[in-house]
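First up is the structure itself, then whatever we jot down about it.
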Amino acid sequence: SAGLGFSREDRHTNVQRIGFVAELLARNGVKALVPVIAPYTDSREAVRKRHETHRTPYLEVHVATPVEVCSVRDVKGLYAKQAAGELTGLTGVDDPYEQPETPDLRIESQDQTVQESATAVHTLLSERGLA
């Protein structure tokens, strides 16, 4: 989102903006898969409540990947920049990440293939009548 940085407030605003668009789409019959880093419980809960208020479906999928694996997979080089002292506020490293306690689905991506992860998401969508 334009004009936002990496402060807690800006990250919250970013998640709320994305959640607003996803809920608006859902309210109009469009399914949205939103791959967003939402590090704070209160931000995720606010998006869930927005969906509940408008009676639109909402599923939380937590891709629970250890930070060491994220570092190896990092195509932007953010973890290397953080390690070199060129970057601060990296989620899960020197900025908190509050893991979801009860997501609708938790994917341990280091232990399964992309196809297995996609199948798990599709199965959840099917079980909830959303596929």
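Letters A, B, ... go to the chains of the structure tokens in the order shown; residues in each chain start at 1; ligands are counted from 1 in the same order.
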DSSP on the backbone: what in chain A comes out strand (DSSP E or B), as a list in words?
-> Val61, His62, Val63, Thr91, Asp95, Leu105, Arg106 and Ile107 of chain A
For Leu90 (chain A), please output as JSON, numbers by chain all residues within 12 Å (counting only C-alpha atoms; exclusion window: fewer than 2 positions along the same chain).
-> {"A": [5, 6, 7, 8, 11, 37, 39, 67, 70, 71, 77, 78, 79, 80, 81, 82, 83, 85, 86, 87, 88, 92, 93, 94, 95, 96, 97]}
Might you pull out every residue within 12 Å of Thr13 (chain A), with only C-alpha atoms counted and same-chain residues fewer than 6 positions away left off, and present them as a ChimeraX atom specification?
-> /A:1-7,19-20,38,40,42-44,46-47
Can you tell me how far CA of Arg50 (chain A) sits from CA of Thr91 (chain A), in Å to one decimal?
->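 CA of Arg50 (chain A) sits 24.4 Å away from CA of Thr91 (chain A).
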Determine, counting only C-alpha atoms, which protein, DNA and RNA residues have an atom within 7 Å of an atom of region 99-113 of chain A; residues of the same chain fewer than 2 positions away are not included. Present the result as a list in words.
->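 The residues satisfying every condition are Thr41, Leu59, Glu60, Val61, His62, Val63, Ala64, Thr65, Tyr97, Gln115, Glu116 and Ser117 of chain A.
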Emit the selected residues as a PDB file, in the first residue's frame, including C-alpha atoms.
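Writing the result to part14.pdb gives the following:
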ATOM      1  CA  THR A  41      -3.085 -11.136  16.034  1.00  0.00           C
ATOM      2  CA  LEU A  59     -10.555 -18.748   6.294  1.00  0.00           C
ATOM      3  CA  GLU A  60      -7.174 -18.251   7.882  1.00  0.00           C
ATOM      4  CA  VAL A  61      -4.363 -20.404   6.518  1.00  0.00           C
ATOM      5  CA  HIS A  62      -1.113 -20.144   8.428  1.00  0.00           C
ATOM      6  CA  VAL A  63       1.920 -21.088   6.378  1.00  0.00           C
ATOM      7  CA  ALA A  64       4.097 -21.988   9.365  1.00  0.00           C
ATOM      8  CA  THR A  65       7.563 -21.870   7.883  1.00  0.00           C
ATOM      9  CA  TYR A  97       5.408 -12.452  14.477  1.00  0.00           C
ATOM     10  CA  GLN A 115       1.194 -29.562  -4.575  1.00  0.00           C
ATOM     11  CA  GLU A 116       0.490 -31.074  -1.150  1.00  0.00           C
ATOM     12  CA  SER A 117      -0.014 -27.598   0.305  1.00  0.00           C
TER      13      SER A 117
END
May I have all residues of chain A that DSSP, computed from the backbone, assigns to helix (DSSP H, G or I), given as a PyMOL selection string?
-> chain A and resi 8-27+41-53+67-73+78-83+109-111+114-127
Okay, now the selection with C-alpha atoms, as a short mmCIF file (atom, residue, chain, number, x, y, z; two decimals), in the first residue's frame?
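Output saved as selection.cif:
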data_model
loop_
_atom_site.label_atom_id
_atom_site.label_comp_id
_atom_site.auth_asym_id
_atom_site.auth_seq_id
_atom_site.Cartn_x
_atom_site.Cartn_y
_atom_site.Cartn_z
CA ARG A 8 3.26 -1.72 13.65
CA GLU A 9 0.64 0.90 12.75
CA ASP A 10 1.52 0.81 9.05
CA ARG A 11 1.51 -2.98 8.97
CA HIS A 12 -1.91 -2.95 10.65
CA THR A 13 -3.20 -0.43 8.10
CA ASN A 14 -1.87 -2.55 5.24
CA VAL A 15 -3.59 -5.70 6.52
CA GLN A 16 -6.85 -3.78 7.05
CA ARG A 17 -6.76 -2.37 3.51
CA ILE A 18 -6.15 -5.80 2.05
CA GLY A 19 -8.87 -7.28 4.27
CA PHE A 20 -11.32 -4.58 3.15
CA VAL A 21 -10.76 -5.40 -0.52
CA ALA A 22 -10.99 -9.15 0.11
CA GLU A 23 -14.25 -8.72 2.04
CA LEU A 24 -15.69 -6.44 -0.64
CA LEU A 25 -14.87 -9.06 -3.26
CA ALA A 26 -16.37 -11.84 -1.11
CA ARG A 27 -19.53 -9.81 -0.55
CA THR A 41 -3.08 -11.14 16.03
CA ASP A 42 -5.22 -8.01 16.44
CA SER A 43 -4.89 -7.15 12.74
CA ARG A 44 -5.94 -10.63 11.64
CA GLU A 45 -8.81 -10.67 14.13
CA ALA A 46 -10.09 -7.31 12.85
CA VAL A 47 -10.22 -8.68 9.30
CA ARG A 48 -12.02 -11.82 10.50
CA LYS A 49 -14.58 -9.69 12.37
CA ARG A 50 -15.16 -7.54 9.30
CA HIS A 51 -16.01 -10.67 7.33
CA GLU A 52 -18.28 -11.92 10.11
CA THR A 53 -20.09 -8.57 10.26
CA VAL A 67 12.52 -18.35 9.77
CA GLU A 68 15.62 -20.38 8.81
CA VAL A 69 13.71 -21.85 5.86
CA CYS A 70 12.35 -18.41 4.92
CA SER A 71 15.93 -17.14 4.85
CA VAL A 72 17.01 -19.86 2.42
CA ARG A 73 13.98 -19.23 0.17
CA LEU A 78 15.93 -9.31 2.86
CA TYR A 79 17.33 -11.80 5.37
CA ALA A 80 20.87 -11.22 4.11
CA LYS A 81 20.36 -7.45 4.37
CA GLN A 82 19.05 -7.85 7.91
CA ALA A 83 22.01 -10.06 8.87
CA SER A 109 5.66 -25.85 4.08
CA GLN A 110 9.10 -27.22 4.88
CA ASP A 111 7.56 -30.69 5.29
CA VAL A 114 3.71 -27.11 -3.07
CA GLN A 115 1.19 -29.56 -4.57
CA GLU A 116 0.49 -31.07 -1.15
CA SER A 117 -0.01 -27.60 0.30
CA ALA A 118 -2.35 -26.63 -2.55
CA THR A 119 -4.31 -29.85 -2.06
CA ALA A 120 -4.71 -29.09 1.66
CA VAL A 121 -6.08 -25.62 0.85
CA HIS A 122 -8.45 -27.04 -1.78
CA THR A 123 -9.64 -29.71 0.66
CA LEU A 124 -10.42 -27.04 3.26
CA LEU A 125 -12.29 -24.94 0.70
CA SER A 126 -14.27 -28.00 -0.38
CA GLU A 127 -15.12 -28.95 3.21
#
